[in-house]
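Input: a single structure, listed below in structure tokens.
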Amino acid sequence: MKLAVVFPGTGYHEDKPLLYYSRKLAAEAGYQVKGVKYGKLPDMAGGNDKEGMKAAFSHALGQAEALLRDMDFGECQEILFLSKSIGTAVAAAFAKRHGLRTRNVYYTPVGESFAFIEQPGIVFHGTKDPWVETKTVEEGCRKLGLPLYITENGNHSLETGDALKDLENLCRIMKISGEYIKKDVTVQPC
């Protein structure tokens, strides 16, 4: 079985464009898709409140643990994590905690995510993301050897405010995501 798990952001759920379409791409590529829901998270004040961020992360990781508790990852030929914002940190911490070998699509990781990321993947970031500076993401990706795809003037949702440009960017982002998702890579057990 090929499994894709979706780790959303705080206000960016599976019905939003990046996760909606990447989950469809995963299903088309033969993955069983499972979404994680966190419930109400503590306020993080736009990523600027470190204590709020820690509390939200802990809560989200706890919810992921509870929702995925009965999942037998040992039956999976391949595990793909699709994650957004704080979900990138949750996905990386979950994989580490359970010794999972995963492939990842990291949409707009928060700065704290790079402390947890150990698994291969691709990263998407907008240069106008108020949650994390571009240089932080570039440095994190460089250190980890992760390909980084930049959306000029993109915010934390990779949107610019120009609807047609946003659709063009979304198409580009999903094309790159789809190519990564469809790679026929079998992950060996740890």
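Going by the structure tokens order, chains are called A, B, ..., each with residues numbered from 1, while ligands are numbered from 1 in the order shown.
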
Q: Please provide the set of residues having any atom within 10 Å of Gly39 in chain A, restricted to only C-alpha atoms, with same-chain residues fewer than 5 positions apart removed, written as a list of chain:residue names.
A: A:Thr10, A:His59, A:Ala60, A:Gln63

Q: Would you list the contacts of range 99-115 of chain A as a ChimeraX atom specification, taking every protein, DNA or RNA residue within 7 Å and counting only C-alpha atoms, but skipping same-chain residues closer than 2 positions in sequence?
A: /A:79-86,88-89,95-97,117,119-125,131-132,136-137,140,156,187,189-190

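Considering the residues A:Ser22, A:Lys16, A:Gly9, A:Glu139 and counting only C-alpha atoms, Lys175 in chain A has its shortest atom-to-atom contact with A:Ser22.
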
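With distances restricted to only C-alpha atoms, A:Leu170 is the closest residue to Leu19 in chain A from A:Cys76, A:Leu148, A:Leu170, A:Ala92.
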
Q: Please return as an MDAnalysis selection string: the residues of range 11-189 of chain A that backbone DSSP assigns to helix (DSSP H, G or I).
A: chainID A and resid 17:28 45:47 50:68 73:75 86:97 111:115 134:144 163:182

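In terms of minimum interatomic distance to Tyr149 in chain A, A:Ile176 ranks closest within A:Val6, A:Ile176, A:Ala55, A:Ala29, counting only C-alpha atoms.
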
Q.
Give me, as JSON, numbers by chain, all polymer residues having an atom no more than 12 Å from Leu67 in chain A, counting only C-alpha atoms and skipping those fewer than 6 positions away in the same chain.
A. {"A": [5, 6, 7, 34, 35, 36, 37, 38, 39, 60, 61, 94]}

Q: Run DSSP on the backbone and give me the residues of range 28-127 of chain A it puts in strand (DSSP E or B), as number ranges by chain.
A: A: 32-35, 78-84, 103-107, 121-126
